[in-house]
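Remarks on the structure that follows.
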Amino acid sequence: MAKPDRTRRRFLPEYVSSFKDRHGKERLRFRRKGFGGGYFKSALGTEDFRTEYRAFMDASETVAVAVDRAVPGTIADLVARYFATPTRLGPTVTTQSKVRSIVGRFSEEYGKLPVARVGFEHIDAIVMAKMQQKMVQTSRGLRPIGGPVAAGKLRKELVRLFNFAVKLRMIPTNPVLLADHVKLSVEQRSAGYHTWTEDEIDQYRARHQLGTNARLALELLLWTGQRRSDAIRMGRQHIVDGRIKVVQDKTGKVLWIAVAPQLLEAIVAMPAAKNHLCFLINEQGRPFTRAGFGNWFRDKCDAAGLPQCTAHGLRKAIMRRMAELNQGNQTMKAVSGHRKDEEVARYTEAANQRSMADDAIGILARWEKERSRDETAVRDIVS
């Protein structure tokens with residue numbers, strides 16, 4: 001029995017080891033001496049495994065370069081130590097990658113500054129500079145960088161970074177906690193991914209018929225309310241007793257969501273699968289990567305004449321629908337997986353205010369009429 005194990009180990013990527021846990025299940029672990037590591041969630045050889053492996057390697061390479069160049073006591077030194085343990089950045093590889101991007105850009109710009117000399121006024125200036133949005137040339141053309149939302153995210157991550165500096169005794173207190181909060185206007189708070197309207201959903205369906213990957217993608221996103229990173233991993237094996245099991249990539253939360261008839265119709269309409277474990281397969285016959293799916297779905301929306309629409313906008317659309325049907329916050333969180341009411345409120349800002357206000361006024365008007373009728377009846381009886 002040992003020989004197959006040795007053969008399998010020869011095909012493991014560098015710094016990856018295999019072992020069996022106490023339940024007898026095989027686990028894969030990334031370990032590189034002197035750097036952070038962690039456990040893989042995906043099976044060896046899958047696209048998700050390659051994404052996780054690249055994230056572990058990128059983290060190690062980033063730390064290695066930073067340690068070589070960082071002057072002790074500087075922000076670059078602090079960030080290198082902060083990055084050394086990936087789980088410190090977040091619970092999943094996706095979250096860790098986002099945090100590494102935000103903090104990494106901060107370090108590139110201010111890495112030479114001594115941590116001990118950073119005061120709240122410096123943080124105010126740095127965050128204020130981030131508030132100014134500018135266009136930057138990237139491989140995919142001009143893209144906006146910065147802005148109020150980006151400034152808010154930066155301040156949030158700096159709180160955590162400088163809390164770590166306090167733990168390392170590089171500074172006695174956290175200067176970010178004394179800095180001003182980023183205050184967003186109503187328009188800025190509601191900015192972000194466009195929430196699909198019912199007309200836009202109908203327009204997309206008219207362009208992409210049942211039996212196509214494009215149509216299945218829309219129904220999967222719309223009727224589960226999940227992020228694209230979760231939708232691309234869903235498959236028939238996840239459907240049990242009429243519900244689809246979702247283990248959210250970002251939070252690790254487990255959800256069971258009823259399969260809507262519209263979604264089931266889209267699944268059944270697809271050509272017979274060729275032993276694929278995922279509903280959505282790219283043109284090469286492989287599961288989508290997160291970025292690859294985003295670009296592909298962008299093209300499908302453009303083909304339907306909906307350049308303003310995105311995959312994430314469908315997650316907001318199901319929240320809007322539930323808000324318009326007066327579903328409670330707990331019900332909406334049971335579908336979306338959100339933890340806080342504030343997050344639900346942010347996603348339901350696009351609820352149809354006009355129809356909801358009409359319903360509310362109608363209910364109040366009927367209540368007052370019934371109340372007046374009851375009072376009149378009581379007076380007639382007494383008199």
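All residue names refer to the structure tokens as shown: chains lettered A, B, ... in order, residues numbered from 1 in each chain, ligands numbered from 1 in order.
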Original post:
If you run DSSP on the backbone, which residues of range 16-214 of chain A are helix (DSSP H, G or I), as a PyMOL selection string?
Top reply: chain A and resi 47-69+75-83+86-88+93-110+115-117+120-131+148-167+175-178+186-190+198-207+213-214
**OP:** With a distance cut-off of 10 Å and only C-alpha atoms, select the neighbouring residues of range 41-50 of chain A, excluding the residue or stretch itself and same-chain residues fewer than 2 positions from it, and output the selection as a ChimeraX atom specification.
**Re:** /A:11-13,26-29,38-39,52-56,92-93,229,233,249,286-290
Original post:
For the atom pair CA of His312 in chain A and CA of Pro271 in chain A, what is the interatomic distance in Å to one decimal place?
Top reply: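 Atom-to-atom, CA of His312 in chain A to CA of Pro271 in chain A, that is 26.0 Å.
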Original post:
With only C-alpha atoms as the basis for distance, which of A:Gly294, A:Gly119, A:Gly146, A:Gly73 is at the shortest distance from Phe106 in chain A?
Top reply: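 Smallest distance to Phe106 in chain A is found for A:Gly146.
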Subject >> Residues near Gln353 in chain A, cut-off 12 Å, only C-alpha atoms, skip fewer than 2 positions along chain, as a ChimeraX atom specification >> reply: /A:320-321,323-326,348-351,355-360
Emit the selected residues as a compact mmCIF listing (two decimals), in the first residue's frame, including N, CA and C atoms.
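As written to disk, result_27.txt reads:
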# COMPACT_ATOMS: atom_id res chain seq x y z
N ARG A 320 -33.07 42.37 -3.90
CA ARG A 320 -34.09 43.37 -4.22
C ARG A 320 -35.46 42.73 -4.30
N ARG A 321 -35.55 41.60 -4.98
CA ARG A 321 -36.82 40.92 -5.11
C ARG A 321 -37.40 40.57 -3.74
N ALA A 323 -36.78 41.97 -0.88
CA ALA A 323 -37.17 43.19 -0.16
C ALA A 323 -38.51 43.71 -0.66
N GLU A 324 -38.72 43.65 -1.97
CA GLU A 324 -39.97 44.13 -2.55
C GLU A 324 -41.16 43.26 -2.14
N LEU A 325 -40.88 42.00 -1.81
CA LEU A 325 -41.93 41.09 -1.35
C LEU A 325 -42.03 41.08 0.18
N ASN A 326 -41.37 42.08 0.79
CA ASN A 326 -41.43 42.27 2.25
C ASN A 326 -40.91 41.07 3.04
N THR A 348 -30.09 45.87 -0.50
CA THR A 348 -31.50 46.05 -0.85
C THR A 348 -31.86 47.51 -1.10
N GLU A 349 -30.85 48.36 -1.26
CA GLU A 349 -31.12 49.77 -1.51
C GLU A 349 -31.85 49.98 -2.84
N ALA A 350 -31.71 49.03 -3.75
CA ALA A 350 -32.36 49.17 -5.05
C ALA A 350 -33.78 48.60 -5.06
N ALA A 351 -34.31 48.25 -3.89
CA ALA A 351 -35.69 47.76 -3.85
C ALA A 351 -36.62 48.82 -4.39
N SER A 355 -43.27 51.09 -5.28
CA SER A 355 -44.30 50.08 -5.03
C SER A 355 -44.40 49.74 -3.55
N MET A 356 -43.25 49.72 -2.87
CA MET A 356 -43.27 49.41 -1.44
C MET A 356 -43.98 50.51 -0.66
N ALA A 357 -43.75 51.77 -1.04
CA ALA A 357 -44.44 52.89 -0.38
C ALA A 357 -45.93 52.84 -0.67
N ASP A 358 -46.30 52.48 -1.92
CA ASP A 358 -47.73 52.34 -2.26
C ASP A 358 -48.40 51.30 -1.37
N ASP A 359 -47.71 50.16 -1.18
CA ASP A 359 -48.27 49.10 -0.33
C ASP A 359 -48.44 49.59 1.11
N ALA A 360 -47.42 50.31 1.61
CA ALA A 360 -47.48 50.78 2.99
C ALA A 360 -48.62 51.77 3.21
Counting only C-alpha atoms, which residues of range 51-131 of chain A fall within 8 Å of range 168-176 of chain A, and what is the closest atom pair for each with its distance in Å at one decimal, ordered by chain and rising number, as CSV?
residue,atom,partner,partner_atom,distance
A:Gly73,CA,A:Met170,CA,7.0
A:Val115,CA,A:Met170,CA,7.0
A:Ala116,CA,A:Ile171,CA,5.5
A:Val118,CA,A:Pro175,CA,7.1
A:Gly119,CA,A:Pro175,CA,5.4
A:Phe120,CA,A:Pro175,CA,4.7
A:Ile123,CA,A:Val176,CA,6.3
**OP:** Between A:Gln203, A:Thr51, A:Ser372, A:Thr331, single out the one closest to Asp302 in chain A, counting only C-alpha atoms.
**Re:** A:Gln203
Subject >> Nearest candidate to Lys253 in chain A (options A:Pro91, A:Gly337, A:Pro72, A:Pro86; using only C-alpha atoms) >> reply: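 Closest candidate: A:Gly337.
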